Structures are given as C-alpha cells and as structure tokens.
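**Student:** What follows is model.pdb, made up of PDB, C-alpha atoms:
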```pdb
ATOM      1  CA  MET A 227    -114.825  73.604 228.116
ATOM      2  CA  ASP A 228    -113.854  77.276 227.710
ATOM      3  CA  TYR A 229    -110.994  76.665 230.134
ATOM      4  CA  ILE A 230    -109.622  73.917 227.883
ATOM      5  CA  LEU A 231    -109.992  75.906 224.652
ATOM      6  CA  ALA A 232    -108.297  79.047 225.979
ATOM      7  CA  PRO A 233    -104.489  79.076 226.418
ATOM      8  CA  TRP A 234    -103.599  77.259 229.646
ATOM      9  CA  PRO A 235    -102.085  79.269 232.520
ATOM     10  CA  TRP A 236     -98.494  78.439 233.505
ATOM     11  CA  HIS A 237     -99.390  76.713 236.764
ATOM     12  CA  VAL A 238    -101.742  74.228 235.077
ATOM     13  CA  SER A 239     -99.282  73.639 232.221
ATOM     14  CA  GLY A 240     -96.319  73.143 234.544
ATOM     15  CA  ALA A 241     -98.260  70.723 236.747
ATOM     16  CA  VAL A 242     -99.339  68.639 233.721
ATOM     17  CA  ILE A 243     -95.742  68.479 232.443
ATOM     18  CA  GLY A 244     -94.592  67.382 235.911
ATOM     19  CA  LEU A 245     -97.320  64.706 235.918
ATOM     20  CA  ILE A 246     -96.171  63.401 232.514
ATOM     21  CA  MET A 247     -92.664  62.972 233.942
ATOM     22  CA  ILE A 248     -94.113  61.085 236.943
ATOM     23  CA  LEU A 249     -96.324  58.968 234.666
ATOM     24  CA  LEU A 250     -93.265  57.875 232.655
ATOM     25  CA  LEU A 251     -91.413  56.992 235.891
ATOM     26  CA  PHE A 252     -94.284  54.695 236.846
ATOM     27  CA  PHE A 253     -94.173  53.222 233.348
ATOM     28  CA  GLY A 254     -90.546  52.351 234.184
ATOM     29  CA  LYS A 255     -89.062  55.002 231.872
ATOM     30  CA  SER A 256     -87.230  58.297 232.157
ATOM     31  CA  PHE A 257     -88.544  61.484 230.499
ATOM     32  CA  GLY A 258     -86.035  62.718 227.917
ATOM     33  CA  PHE A 259     -87.141  63.675 224.428
ATOM     34  CA  SER A 260     -83.843  64.279 222.605
ATOM     35  CA  ALA A 261     -82.812  60.622 223.027
ATOM     36  CA  ASN A 262     -85.183  60.037 220.098
ATOM     37  CA  LEU A 263     -82.799  61.888 217.766
ATOM     38  CA  ARG A 264     -80.023  59.452 218.670
ATOM     39  CA  THR A 265     -82.423  56.525 218.208
ATOM     40  CA  MET A 266     -83.403  57.765 214.740
ATOM     41  CA  CYS A 267     -79.722  57.984 213.700
ATOM     42  CA  SER A 268     -79.259  54.432 214.952
ATOM     43  CA  MET A 269     -82.356  53.192 213.088
ATOM     44  CA  ALA A 270     -80.995  54.748 209.897
ATOM     45  CA  GLY A 271     -77.879  52.584 210.249
ATOM     46  CA  ALA A 272     -75.392  55.073 211.750
ATOM     47  CA  GLY A 273     -74.296  52.377 214.232
ATOM     48  CA  LYS A 274     -72.390  50.563 211.472
ATOM     49  CA  SER A 275     -69.734  53.265 211.254
ATOM     50  CA  VAL A 276     -70.131  55.277 214.488
ATOM     51  CA  SER A 277     -70.074  53.321 217.752
ATOM     52  CA  PHE A 278     -72.153  55.965 219.583
ATOM     53  CA  PHE A 279     -75.153  54.810 217.546
ATOM     54  CA  ASN A 280     -74.415  51.109 217.940
ATOM     55  CA  PHE A 281     -76.955  50.198 220.616
ATOM     56  CA  ASP A 282     -80.194  48.261 220.848
ATOM     57  CA  TRP A 283     -82.512  51.048 219.691
ATOM     58  CA  LYS A 284     -85.562  48.824 220.088
ATOM     59  CA  LYS A 285     -85.279  49.473 223.840
ATOM     60  CA  GLN A 286     -86.111  53.090 222.985
ATOM     61  CA  SER A 287     -89.252  52.171 221.022
ATOM     62  CA  TRP A 288     -91.415  53.461 223.852
ATOM     63  CA  ASN A 289     -89.862  56.925 223.412
ATOM     64  CA  LEU A 290     -90.587  56.874 219.654
ATOM     65  CA  LEU A 291     -94.220  56.079 220.489
ATOM     66  CA  PHE A 292     -94.174  59.061 222.864
ATOM     67  CA  LEU A 293     -92.836  61.154 219.943
ATOM     68  CA  VAL A 294     -95.639  59.941 217.660
ATOM     69  CA  GLY A 295     -98.087  60.887 220.419
ATOM     70  CA  ALA A 296     -96.517  64.362 220.663
ATOM     71  CA  VAL A 297     -97.111  64.947 216.933
ATOM     72  CA  ILE A 298    -100.734  63.749 217.275
ATOM     73  CA  GLY A 299    -101.136  65.934 220.380
ATOM     74  CA  GLY A 300    -100.074  69.035 218.437
ATOM     75  CA  LEU A 301    -102.603  68.172 215.735
ATOM     76  CA  ILE A 302    -105.404  67.573 218.249
ATOM     77  CA  ALA A 303    -104.656  70.781 220.141
ATOM     78  CA  THR A 304    -104.821  72.970 217.058
ATOM     79  CA  THR A 305    -107.773  71.182 215.425
ATOM     80  CA  TRP A 306    -110.161  70.687 218.331
ATOM     81  CA  LEU A 307    -108.783  72.458 221.400
ATOM     82  CA  SER A 308    -108.173  75.968 220.141
ATOM     83  CA  ASP A 309    -110.252  79.134 220.447
ATOM     84  CA  GLY A 310    -108.014  81.035 218.039
ATOM     85  CA  SER A 311    -106.311  83.114 220.734
ATOM     86  CA  VAL A 312    -103.181  84.930 219.623
ATOM     87  CA  VAL A 313    -100.042  84.374 221.734
ATOM     88  CA  ASP A 314    -100.312  87.034 224.400
ATOM     89  CA  ILE A 315     -96.646  88.006 224.792
ATOM     90  CA  SER A 316     -95.522  91.110 226.641
ATOM     91  CA  GLU A 317     -95.590  94.531 224.976
ATOM     92  CA  ASN A 318     -91.850  94.850 225.601
ATOM     93  CA  THR A 319     -91.151  91.660 223.653
ATOM     94  CA  ILE A 320     -93.353  92.835 220.770
ATOM     95  CA  ARG A 321     -91.433  96.126 220.678
ATOM     96  CA  ASP A 322     -87.986  94.470 220.857
ATOM     97  CA  LEU A 323     -88.876  91.937 218.165
ATOM     98  CA  SER A 324     -90.293  94.566 215.827
ATOM     99  CA  ALA A 325     -86.847  96.219 215.922
ATOM    100  CA  LEU A 326     -85.545  92.908 214.512
ATOM    101  CA  GLY A 327     -88.182  92.897 211.794
ATOM    102  CA  ILE A 328     -90.473  90.353 213.469
ATOM    103  CA  SER A 329     -94.083  91.570 213.557
ATOM    104  CA  ALA A 330     -96.497  91.073 216.467
ATOM    105  CA  PRO A 331     -98.068  87.589 216.788
ATOM    106  CA  THR A 332    -100.959  86.696 214.490
ATOM    107  CA  GLU A 333    -100.519  82.961 215.095
ATOM    108  CA  ILE A 334     -98.410  80.835 217.421
ATOM    109  CA  GLN A 335     -95.208  81.318 215.382
ATOM    110  CA  PRO A 336     -93.767  84.379 213.615
ATOM    111  CA  THR A 337     -94.637  84.249 209.912
ATOM    112  CA  GLU A 338     -91.290  85.862 209.040
ATOM    113  CA  ILE A 339     -89.525  82.636 210.115
ATOM    114  CA  PHE A 340     -92.123  79.875 209.951
ATOM    115  CA  SER A 341     -93.453  80.269 206.430
ATOM    116  CA  TRP A 342     -92.381  78.395 203.308
ATOM    117  CA  GLU A 343     -91.544  81.707 201.698
ATOM    118  CA  PHE A 344     -88.667  82.056 204.192
ATOM    119  CA  ALA A 345     -88.023  78.308 204.486
ATOM    120  CA  SER A 346     -87.450  77.963 200.754
ATOM    121  CA  SER A 347     -84.976  80.856 200.507
ATOM    122  CA  LEU A 348     -81.255  80.148 200.944
ATOM    123  CA  LYS A 349     -81.164  82.277 204.096
ATOM    124  CA  GLY A 350     -84.226  80.497 205.478
ATOM    125  CA  ILE A 351     -82.873  77.005 204.815
ATOM    126  CA  LEU A 352     -79.541  77.884 206.445
ATOM    127  CA  PHE A 353     -81.284  79.525 209.431
ATOM    128  CA  LEU A 354     -83.568  76.576 210.150
ATOM    129  CA  VAL A 355     -81.070  73.781 209.455
ATOM    130  CA  ILE A 356     -78.220  75.417 211.413
ATOM    131  CA  GLY A 357     -80.595  76.221 214.296
ATOM    132  CA  GLY A 358     -81.715  72.599 214.384
ATOM    133  CA  PHE A 359     -78.101  71.418 214.124
ATOM    134  CA  LEU A 360     -77.143  73.411 217.243
ATOM    135  CA  VAL A 361     -80.094  71.949 219.182
ATOM    136  CA  GLY A 362     -79.294  68.363 218.140
ATOM    137  CA  PHE A 363     -75.530  68.642 218.635
ATOM    138  CA  GLY A 364     -75.863  70.503 221.937
ATOM    139  CA  ALA A 365     -78.532  68.201 223.373
ATOM    140  CA  ARG A 366     -76.411  65.111 222.777
ATOM    141  CA  TYR A 367     -73.193  66.777 223.941
ATOM    142  CA  ALA A 368     -74.911  67.876 227.151
ATOM    143  CA  GLY A 369     -76.558  64.465 227.499
ATOM    144  CA  GLY A 370     -80.106  65.808 227.447
ATOM    145  CA  CYS A 371     -82.431  68.651 226.561
ATOM    146  CA  THR A 372     -85.065  70.660 228.412
ATOM    147  CA  SER A 373     -87.048  67.548 229.408
ATOM    148  CA  GLY A 374     -84.071  65.415 230.446
ATOM    149  CA  HIS A 375     -82.090  68.105 232.283
ATOM    150  CA  ALA A 376     -84.386  70.993 233.251
ATOM    151  CA  ILE A 377     -87.365  68.803 234.243
ATOM    152  CA  SER A 378     -86.148  65.262 235.049
ATOM    153  CA  GLY A 379     -82.648  66.211 236.208
ATOM    154  CA  LEU A 380     -83.531  69.209 238.383
ATOM    155  CA  SER A 381     -86.439  67.265 239.937
ATOM    156  CA  ASP A 382     -83.778  64.808 241.105
ATOM    157  CA  LEU A 383     -81.480  67.671 242.231
ATOM    158  CA  GLN A 384     -78.748  66.652 239.779
ATOM    159  CA  VAL A 385     -75.860  69.161 239.731
ATOM    160  CA  PRO A 386     -74.869  68.210 236.139
ATOM    161  CA  SER A 387     -78.385  69.167 235.039
ATOM    162  CA  LEU A 388     -78.075  72.533 236.766
ATOM    163  CA  ILE A 389     -74.807  73.164 234.895
ATOM    164  CA  ALA A 390     -76.507  72.182 231.631
ATOM    165  CA  VAL A 391     -79.411  74.565 232.296
ATOM    166  CA  VAL A 392     -76.933  77.386 233.040
ATOM    167  CA  GLY A 393     -75.403  76.547 229.650
ATOM    168  CA  PHE A 394     -78.853  76.677 227.987
ATOM    169  CA  PHE A 395     -79.181  80.244 229.230
ATOM    170  CA  ILE A 396     -75.644  81.318 228.311
ATOM    171  CA  GLY A 397     -76.280  80.125 224.749
ATOM    172  CA  GLY A 398     -79.816  81.502 224.671
ATOM    173  CA  LEU A 399     -78.727  84.964 225.800
ATOM    174  CA  ILE A 400     -75.806  85.100 223.347
ATOM    175  CA  MET A 401     -78.170  84.166 220.501
ATOM    176  CA  THR A 402     -80.942  86.542 221.607
ATOM    177  CA  TYR A 403     -78.824  89.647 222.246
ATOM    178  CA  LEU A 404     -75.714  89.225 220.068
ATOM    179  CA  ILE A 405     -76.452  86.955 217.114
ATOM    180  CA  LEU A 406     -80.164  87.322 216.235
ATOM    181  CA  PRO A 407     -79.842  91.117 215.731
ATOM    182  CA  ILE A 408     -77.198  90.395 213.070
ATOM    183  CA  ILE A 409     -78.755  87.444 211.254
ATOM    184  CA  LEU A 410     -82.472  88.311 211.343
TER     185      LEU A 410
ATOM    186  CA  MET B  61    -101.848  46.738 223.204
ATOM    187  CA  LEU B  62    -101.914  48.868 226.342
ATOM    188  CA  LYS B  63     -98.179  48.214 226.488
ATOM    189  CA  PHE B  64     -97.755  50.533 223.480
ATOM    190  CA  LEU B  65    -100.854  52.678 223.782
ATOM    191  CA  LYS B  66     -99.930  54.167 227.147
ATOM    192  CA  PHE B  67     -96.808  55.804 225.696
ATOM    193  CA  ILE B  68     -98.742  57.238 222.767
ATOM    194  CA  ILE B  69    -101.356  58.630 225.150
ATOM    195  CA  ALA B  70     -98.660  60.175 227.370
ATOM    196  CA  GLY B  71     -97.146  61.693 224.205
ATOM    197  CA  ILE B  72    -100.523  63.074 223.095
ATOM    198  CA  LEU B  73    -100.969  64.701 226.500
ATOM    199  CA  PHE B  74     -97.464  66.178 226.143
ATOM    200  CA  GLY B  75     -98.255  67.547 222.668
ATOM    201  CA  ILE B  76    -101.483  69.100 223.921
ATOM    202  CA  VAL B  77     -99.973  70.715 227.011
ATOM    203  CA  MET B  78     -96.981  72.065 225.069
ATOM    204  CA  THR B  79     -99.370  73.650 222.551
ATOM    205  CA  LYS B  80    -101.941  74.965 225.030
ATOM    206  CA  SER B  81     -99.208  76.419 227.265
ATOM    207  CA  GLU B  82     -97.709  78.083 224.135
ATOM    208  CA  ALA B  83     -94.321  76.631 225.119
ATOM    209  CA  ILE B  84     -93.936  75.581 221.453
ATOM    210  CA  SER B  85     -94.004  79.235 220.386
ATOM    211  CA  TRP B  86     -90.834  81.024 219.233
ATOM    212  CA  PHE B  87     -92.394  84.192 220.679
ATOM    213  CA  ARG B  88     -92.614  82.656 224.168
ATOM    214  CA  ILE B  89     -88.980  81.495 224.049
ATOM    215  CA  GLN B  90     -87.838  84.984 222.994
ATOM    216  CA  GLU B  91     -89.930  86.496 225.791
ATOM    217  CA  MET B  92     -88.247  84.100 228.242
ATOM    218  CA  PHE B  93     -84.680  84.896 227.115
ATOM    219  CA  ARG B  94     -85.518  88.607 227.338
ATOM    220  CA  PHE B  95     -86.887  88.146 230.895
ATOM    221  CA  GLN B  96     -90.072  89.981 229.921
ATOM    222  CA  SER B  97     -92.651  87.563 231.319
ATOM    223  CA  PHE B  98     -92.912  84.973 234.066
ATOM    224  CA  HIS B  99     -94.885  82.583 231.829
ATOM    225  CA  MET B 100     -92.133  80.125 230.741
ATOM    226  CA  TYR B 101     -90.387  80.312 234.122
ATOM    227  CA  GLY B 102     -93.700  79.566 235.809
ATOM    228  CA  ILE B 103     -94.187  76.472 233.633
ATOM    229  CA  ILE B 104     -90.666  75.150 234.256
ATOM    230  CA  PHE B 105     -90.635  75.917 238.003
ATOM    231  CA  THR B 106     -94.069  74.345 238.532
ATOM    232  CA  ALA B 107     -93.056  71.195 236.636
ATOM    233  CA  ILE B 108     -89.871  70.939 238.726
ATOM    234  CA  ALA B 109     -91.779  71.538 241.992
ATOM    235  CA  VAL B 110     -94.262  68.769 241.160
ATOM    236  CA  GLY B 111     -91.421  66.505 240.019
ATOM    237  CA  LEU B 112     -89.303  67.220 243.104
ATOM    238  CA  VAL B 113     -92.064  66.139 245.490
ATOM    239  CA  ALA B 114     -92.788  63.020 243.436
ATOM    240  CA  VAL B 115     -89.120  61.978 243.213
ATOM    241  CA  GLN B 116     -88.701  62.413 246.988
ATOM    242  CA  LEU B 117     -91.836  60.352 247.675
ATOM    243  CA  ILE B 118     -90.735  57.622 245.259
ATOM    244  CA  LYS B 119     -87.295  57.425 246.917
ATOM    245  CA  ARG B 120     -88.479  57.532 250.530
ATOM    246  CA  LEU B 121     -91.400  55.144 250.093
ATOM    247  CA  GLN B 122     -89.360  52.998 247.664
ATOM    248  CA  LEU B 123     -92.275  52.942 245.242
ATOM    249  CA  ARG B 124     -92.329  50.541 242.322
ATOM    250  CA  ASP B 125     -93.414  51.025 238.722
ATOM    251  CA  ILE B 126     -96.467  49.341 237.189
ATOM    252  CA  GLY B 127     -94.311  46.347 236.231
ATOM    253  CA  GLY B 128     -93.421  45.848 239.914
ATOM    254  CA  ASN B 129     -89.798  46.951 239.459
ATOM    255  CA  PRO B 130     -88.141  49.490 241.764
ATOM    256  CA  ILE B 131     -87.991  52.985 240.266
ATOM    257  CA  ILE B 132     -84.300  53.809 239.964
ATOM    258  CA  PHE B 133     -82.714  57.210 239.356
ATOM    259  CA  ASN B 134     -79.323  57.055 237.684
ATOM    260  CA  PRO B 135     -77.094  59.927 238.820
ATOM    261  CA  LYS B 136     -75.407  61.657 235.890
ATOM    262  CA  ASP B 137     -71.606  61.552 235.645
ATOM    263  CA  MET B 138     -70.050  64.750 236.928
ATOM    264  CA  SER B 139     -68.319  67.032 234.447
ATOM    265  CA  ILE B 140     -68.279  70.754 233.924
ATOM    266  CA  PRO B 141     -67.127  71.197 230.288
ATOM    267  CA  ARG B 142     -69.520  68.597 228.937
ATOM    268  CA  TYR B 143     -72.665  70.164 230.393
ATOM    269  CA  LEU B 144     -71.561  73.763 230.107
ATOM    270  CA  ILE B 145     -70.344  73.628 226.484
ATOM    271  CA  GLY B 146     -73.053  71.213 225.348
ATOM    272  CA  GLY B 147     -75.698  73.253 227.138
ATOM    273  CA  THR B 148     -74.445  76.503 225.588
ATOM    274  CA  VAL B 149     -74.559  75.052 222.061
ATOM    275  CA  PHE B 150     -78.084  73.790 222.785
ATOM    276  CA  GLY B 151     -79.129  77.218 224.092
ATOM    277  CA  LEU B 152     -77.884  78.930 220.910
ATOM    278  CA  GLY B 153     -80.139  76.658 218.842
ATOM    279  CA  TRP B 154     -83.058  76.916 221.262
ATOM    280  CA  ALA B 155     -83.152  80.731 221.073
ATOM    281  CA  MET B 156     -82.647  80.663 217.289
ATOM    282  CA  THR B 157     -85.413  78.185 216.413
ATOM    283  CA  GLY B 158     -87.567  78.669 219.513
ATOM    284  CA  ALA B 159     -87.840  74.891 219.588
ATOM    285  CA  CYS B 160     -86.219  72.283 221.772
ATOM    286  CA  PRO B 161     -86.497  68.670 220.550
ATOM    287  CA  GLY B 162     -90.048  67.994 221.828
ATOM    288  CA  PRO B 163     -91.653  71.168 220.428
ATOM    289  CA  MET B 164     -90.055  70.554 216.992
ATOM    290  CA  PHE B 165     -92.308  67.537 216.613
ATOM    291  CA  VAL B 166     -95.335  69.086 218.329
ATOM    292  CA  ASN B 167     -95.050  72.050 215.931
ATOM    293  CA  PHE B 168     -94.901  69.649 212.999
ATOM    294  CA  GLY B 169     -98.158  68.069 214.208
ATOM    295  CA  TYR B 170     -99.595  71.566 214.649
ATOM    296  CA  GLY B 171     -99.079  72.112 210.922
ATOM    297  CA  TYR B 172     -95.708  73.842 210.607
ATOM    298  CA  SER B 173     -94.255  71.576 207.935
ATOM    299  CA  MET B 174     -91.046  73.634 207.670
ATOM    300  CA  MET B 175     -90.148  72.179 211.083
ATOM    301  CA  LEU B 176     -88.815  69.276 209.026
ATOM    302  CA  LEU B 177     -85.810  71.486 208.167
ATOM    303  CA  ILE B 178     -85.123  72.025 211.881
ATOM    304  CA  ILE B 179     -85.662  68.322 212.631
ATOM    305  CA  GLY B 180     -83.322  67.417 209.758
ATOM    306  CA  GLY B 181     -80.715  69.825 211.136
ATOM    307  CA  ALA B 182     -81.116  68.326 214.624
ATOM    308  CA  LEU B 183     -80.556  64.810 213.242
ATOM    309  CA  ILE B 184     -77.401  65.955 211.413
ATOM    310  CA  GLY B 185     -76.237  67.667 214.626
ATOM    311  CA  THR B 186     -76.818  64.481 216.640
ATOM    312  CA  LEU B 187     -74.946  62.475 214.006
ATOM    313  CA  MET B 188     -72.018  64.915 214.024
ATOM    314  CA  TYR B 189     -71.794  64.730 217.809
ATOM    315  CA  GLY B 190     -71.536  60.935 217.531
ATOM    316  CA  VAL B 191     -68.772  61.270 214.942
ATOM    317  CA  LEU B 192     -66.764  63.903 216.871
ATOM    318  CA  ARG B 193     -67.472  62.536 220.352
ATOM    319  CA  SER B 194     -63.987  61.170 221.103
ATOM    320  CA  LYS B 195     -62.379  64.494 220.123
ATOM    321  CA  LEU B 196     -64.596  66.702 222.316
ATOM    322  CA  PRO B 197     -63.843  67.600 225.955
ATOM    323  CA  HIS B 198     -66.192  65.721 228.308
TER     324      HIS B 198
END
```
Before anything else, please render the file you have as structure tokens.
**Tutor:**
Amino acid sequence: MDYILAPWPWHVSGAVIGLIMILLLFFGKSFGFSANLRTMCSMAGAGKSVSFFNFDWKKQSWNLLFLVGAVIGGLIATTWLSDGSVVDISENTIRDLSALGISAPTEIQPTEIFSWEFASSLKGILFLVIGGFLVGFGARYAGGCTSGHAISGLSDLQVPSLIAVVGFFIGGLIMTYLILPIIL
Amino acid sequence: MLKFLKFIIAGILFGIVMTKSEAISWFRIQEMFRFQSFHMYGIIFTAIAVGLVAVQLIKRLQLRDIGGNPIIFNPKDMSIPRYLIGGTVFGLGWAMTGACPGPMFVNFGYGYSMMLLIIGGALIGTLMYGVLRSKLPH
C-alpha cells in the first residue's frame, strides 16, 4: 500500500498511461483529451453559427465520460491515495523559480498562482484565462494535445505529431525563458 | 451499463495516474521545460514505448476491439504550418498554466477550483479557433 500512497515513479506512471491508450483502442476509441473542448462548444450550441462545431457530438459521449472519470480520479487520488508528499522537484528548478517569485513546493501547485487570492485579482484572472485560451486554441489548431499527439500520435510514428510536439517545446521554451520572467 | 462504465473507469485511472505521477503539477512542467529532471521525459517516453509495441502488435496481428471491429489508425493529414504554429501556441499555454487539457480537469477534481478559469479560457480558445479556422494557414 505504501507504494500506492507515495508518488509513483516515472516508469510506472508512463506504463499506466500507455496502457490507458491501449485500453481505449480496444474499446474502439482513440485517446485524445482536447477533443472534449470541441464537444463542449458543440453541446453549448456553437454548431448553429460555426460549422466546425456542427457535428454529431453524441459520438463523443464516451470521451466526456472519460473526462468525468478524470475529475473523479483526481478527487480519489488526493482523498485516499496520498501520503502528503511534497512535489520533489530539482533544487535547480526551485532556485530558478524563486527568482521569479515562486516559492518552493508546499503542495502540488504553487500557491502564488493557484490560490483564489491570485485568481480573483485582475492579473490573476488574465493570467489563467489567457493561459487556458492558448492551450485550447493551440490544441485545436494543431489537431490534438499531449495525449492525442505526444502519446497516441508518436506511438503510431506519425510525422505530423512529431512536428506538433516540436511546436509544444518551441512554445514552452519561449514562455518559460522569455515571457514568464516578465509577467510573473 | 458496462458500455458507459468502462470509459468512466478508464478516466478514473487516468486521473489517478496523472496525480500520482505529479504530471498535473505546474512545478513538474516548469522542471521539464528547464530540462532539470528526467521525470516528465521518463513518463512520456515510457508511455510511447509501451504504445509503440502495442500499436505494432495490433497492426501485425490485425487485432480487433471488444466489439469485434478491426482497430484502425487514421493517419493525420500532412502539414507543417498547422502543427508547428498550433503546437507552438499550445506550448505557450502549457508552460504558462502547467496544464494541458487532461490535467485541467484532474486538477479541478483534486480541489483546485480556480482551474475553472483555465478551463473557461480553453473553451473560449477552442471556440475562437473554430471561428477563425478558414483564415488560418493549415
């Protein structure tokens, strides 16, 4: 049980994620989480004015159930499967982040960003909404996110997915080294 | 019932592994983009290695899904601007929020209610892509 309560090592975690992708293939589906965002827009009626959202979203119901499961999974993991370990990131990362005003981990997320004190300030609202906007816009533009491209696509040796993952890193490095130091 | 339940169970497993691996943590994503730990790379490479073997076996043995249908892989249409520009925009948001689409929801389940702002932003972003789609290079 101690092994389950402690943070899982990368090899176990990676293998389980790979198995989830395989499980979905045998369920007749393809692992890709961001498709749910498109489905939600369609459910809200966006298909009436924008053709991109005019599709039979009920065929994506399975993915919405997977999303509901993911929310429940997060709740289960923190409620019953946690030993209270603090995220054990490298000393170098702690040092670099402290220069940006982000203190060392005391929980799984930095309190400077993921607290309602920040999230209810104008800067906080803009930070979180714009960050989410970039993820949603970029995932749909690229035709997939980490699950669809990095996991499903690269497992099938898809060149487009490799290009997308290169893009993920170009954007990630620009944000990390050039933009975060200015906006944090 | 099992028809629906199996997807919820797969999702629960996903939520648990994303939390226990700490892949939902902004700290871990920053550590990855700063190349200061193997952790996230180890997770992604292991998942791909497991997936690669499975996809090859499924193709060579022509395995079928539980409904008896052949498992088909649809090749993605080739384009450079679409994946490179789209991917770069995604990466900007990923490093900023530390959350790709799955972890946004897992984090919400974990108890970070302010994730709703990120999720709301992601929905607006998806909507805007749909609106601007015909004007963007693909």
**Student:** Pick out the residues sitting within 7 Å of A:Val312, and hand them over as a ChimeraX atom specification; count only C-alpha atoms, and ignore anything fewer than 5 positions along from it in its own chain.
**Tutor:** /A:331-334
**Student:** Smallest atom-to-atom distance to chain B: which of A:Ala376, A:Ile409, A:Ala330, A:Ala296, using all atoms listed in the file?
**Tutor:**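 Smallest separation from chain B among the options: A:Ala296.
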**Student:** Check which residues satisfy the PyMOL selection byres ((chain B and resi 117-128) around 7) in the file shown, then give them as an MDAnalysis selection string.
**Tutor:** (chainID A and resid 251:254) or (chainID B and resid 113:116 129:131)
**Student:** Quick one: write out the picked residues with C-alpha atoms as a tab-separated table (two decimals), keeping the file's coordinate frame?
**Tutor:**
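File selection10.tsv, as written:
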```tsv
chain	number	residue	atom	x	y	z
A	251	LEU	CA	-91.41	56.99	235.89
A	252	PHE	CA	-94.28	54.70	236.85
A	253	PHE	CA	-94.17	53.22	233.35
A	254	GLY	CA	-90.55	52.35	234.18
B	113	VAL	CA	-92.06	66.14	245.49
B	114	ALA	CA	-92.79	63.02	243.44
B	115	VAL	CA	-89.12	61.98	243.21
B	116	GLN	CA	-88.70	62.41	246.99
B	129	ASN	CA	-89.80	46.95	239.46
B	130	PRO	CA	-88.14	49.49	241.76
B	131	ILE	CA	-87.99	52.98	240.27
```
**Student:** Can you list, as a PyMOL selection string, the residues that the PyMOL selection byres ((chain A and resi 283) around 10) selects here?
**Tutor:** chain A and resi 262+264-269+273+279-282+284-287+290
**Student:** Considering all atoms listed in the file, state which residue in the set B:Thr186, B:Phe165, B:Leu192, B:Phe67 is at the smallest distance from A:Ile246.
**Tutor:** B:Phe67
**Student:** Could you tell me how far atom CA of A:Phe359 lies from atom CA of A:Trp342, in Å and to one decimal?
**Tutor:**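 Result for atom CA of A:Phe359 versus atom CA of A:Trp342: 19.2 Å, one decimal.
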**Student:** Tell me which protein, DNA and RNA residues are within 12 Å of A:Val391, counting only C-alpha atoms, leaving out same-chain ones fewer than 3 positions away, and put them as a VMD selection string.
**Tutor:** (chain A and resid 364 to 365 368 to 380 384 to 388 394 to 398) or (chain B and resid 104 140 143 to 151 154)
**Student:** Between A:Asn318, A:Tyr367, A:Gly299, A:Ala261, which one has atoms that come closest to B:Arg94, using only C-alpha atoms?
**Tutor:**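 Looking at the shortest contact to B:Arg94, the residue is A:Asn318.
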**Student:** Would you kindly translate the PyMOL selection byres ((chain B and resi 77-92) around 7) into the concrete residues it picks from this file, as a ChimeraX atom specification?
**Tutor:** /A:233-236,239,300,303,315,319,334-335 /B:73-76,93-97,100,155,157-159,163,167
**Student:** Save out the residues we just selected, C-alpha atoms, as a PDB file, keeping the file's coordinate frame.
**Tutor:**
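Result file follows (part.pdb):
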```pdb
ATOM      1  CA  PRO A 233    -104.489  79.076 226.418  1.00  0.00           C
ATOM      2  CA  TRP A 234    -103.599  77.259 229.646  1.00  0.00           C
ATOM      3  CA  PRO A 235    -102.085  79.269 232.520  1.00  0.00           C
ATOM      4  CA  TRP A 236     -98.494  78.439 233.505  1.00  0.00           C
ATOM      5  CA  SER A 239     -99.282  73.639 232.221  1.00  0.00           C
ATOM      6  CA  GLY A 300    -100.074  69.035 218.437  1.00  0.00           C
ATOM      7  CA  ALA A 303    -104.656  70.781 220.141  1.00  0.00           C
ATOM      8  CA  ILE A 315     -96.646  88.006 224.792  1.00  0.00           C
ATOM      9  CA  THR A 319     -91.151  91.660 223.653  1.00  0.00           C
ATOM     10  CA  ILE A 334     -98.410  80.835 217.421  1.00  0.00           C
ATOM     11  CA  GLN A 335     -95.208  81.318 215.382  1.00  0.00           C
TER      12      GLN A 335
ATOM     13  CA  LEU B  73    -100.969  64.701 226.500  1.00  0.00           C
ATOM     14  CA  PHE B  74     -97.464  66.178 226.143  1.00  0.00           C
ATOM     15  CA  GLY B  75     -98.255  67.547 222.668  1.00  0.00           C
ATOM     16  CA  ILE B  76    -101.483  69.100 223.921  1.00  0.00           C
ATOM     17  CA  PHE B  93     -84.680  84.896 227.115  1.00  0.00           C
ATOM     18  CA  ARG B  94     -85.518  88.607 227.338  1.00  0.00           C
ATOM     19  CA  PHE B  95     -86.887  88.146 230.895  1.00  0.00           C
ATOM     20  CA  GLN B  96     -90.072  89.981 229.921  1.00  0.00           C
ATOM     21  CA  SER B  97     -92.651  87.563 231.319  1.00  0.00           C
ATOM     22  CA  MET B 100     -92.133  80.125 230.741  1.00  0.00           C
ATOM     23  CA  ALA B 155     -83.152  80.731 221.073  1.00  0.00           C
ATOM     24  CA  THR B 157     -85.413  78.185 216.413  1.00  0.00           C
ATOM     25  CA  GLY B 158     -87.567  78.669 219.513  1.00  0.00           C
ATOM     26  CA  ALA B 159     -87.840  74.891 219.588  1.00  0.00           C
ATOM     27  CA  PRO B 163     -91.653  71.168 220.428  1.00  0.00           C
ATOM     28  CA  ASN B 167     -95.050  72.050 215.931  1.00  0.00           C
TER      29      ASN B 167
END
```
**Student:** Suppose you want the space between atom CA of A:Leu250 and atom CA of A:Asp382; what is it in Å?
**Tutor:** 14.5 Å
**Student:** Neighbouring residues of B:Phe64 were defined as those with any atom within 10 Å, considering only C-alpha atoms; residues of the same chain fewer than 6 positions away were excluded. Please report them as a list in words.
**Tutor:**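 Contacts, in chain order: Ser287, Trp288, Leu291 and Phe292 of chain A.
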**Student:** In terms of the shortest atom-to-atom distance over only C-alpha atoms, which of B:Met61, B:Gly162, B:Ser194, B:Pro141 is closest to chain A?
**Tutor:**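 Among the listed residues, B:Gly162 lies closest to chain A.
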**Student:** From the list B:Ile132, B:Ala182, B:Leu176, B:Leu65, which residue is nearest chain A when using only C-alpha atoms?
**Tutor:** B:Ala182
**Student:** One decimal, Å: what's the distance from atom CA of A:Gly240 over to atom CA of A:Val294, could you say?
**Tutor:** 21.4 Å
**Student:** Edge lengths and centre in Å to one decimal, as JSON, of the axis-aligned box that encloses all listed atoms of stretch 307-313 of chain A with 5 Å added on every side?
**Tutor:**
```
{"center_x": -105.1, "center_y": 78.7, "center_z": 219.9, "size_x": 20.2, "size_y": 22.5, "size_z": 13.7}
```
**Student:** Leaving out B:Tyr170 and any residue of its chain fewer than 4 positions from it, which residues lie within 8 Å of it when counting all atoms listed in the file, given as an mmCIF file with C-alpha atoms, keeping the file's coordinate frame?
**Tutor:**
```cif
data_model
loop_
_atom_site.group_PDB
_atom_site.id
_atom_site.type_symbol
_atom_site.label_atom_id
_atom_site.label_comp_id
_atom_site.auth_asym_id
_atom_site.auth_seq_id
_atom_site.Cartn_x
_atom_site.Cartn_y
_atom_site.Cartn_z
ATOM 1 C CA VAL A 297 -97.111 64.947 216.933
ATOM 2 C CA GLY A 300 -100.074 69.035 218.437
ATOM 3 C CA LEU A 301 -102.603 68.172 215.735
ATOM 4 C CA ILE A 302 -105.404 67.573 218.249
ATOM 5 C CA ALA A 303 -104.656 70.781 220.141
ATOM 6 C CA THR A 304 -104.821 72.970 217.058
ATOM 7 C CA VAL B 166 -95.335 69.086 218.329
#
```
**Student:** With distances taken over all atoms listed in the file, which of B:Lys66, B:Gly71, B:Phe98, B:Gly111 is nearest to A:Met247?
**Tutor:**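 Selected residue with least distance to A:Met247: B:Gly111.
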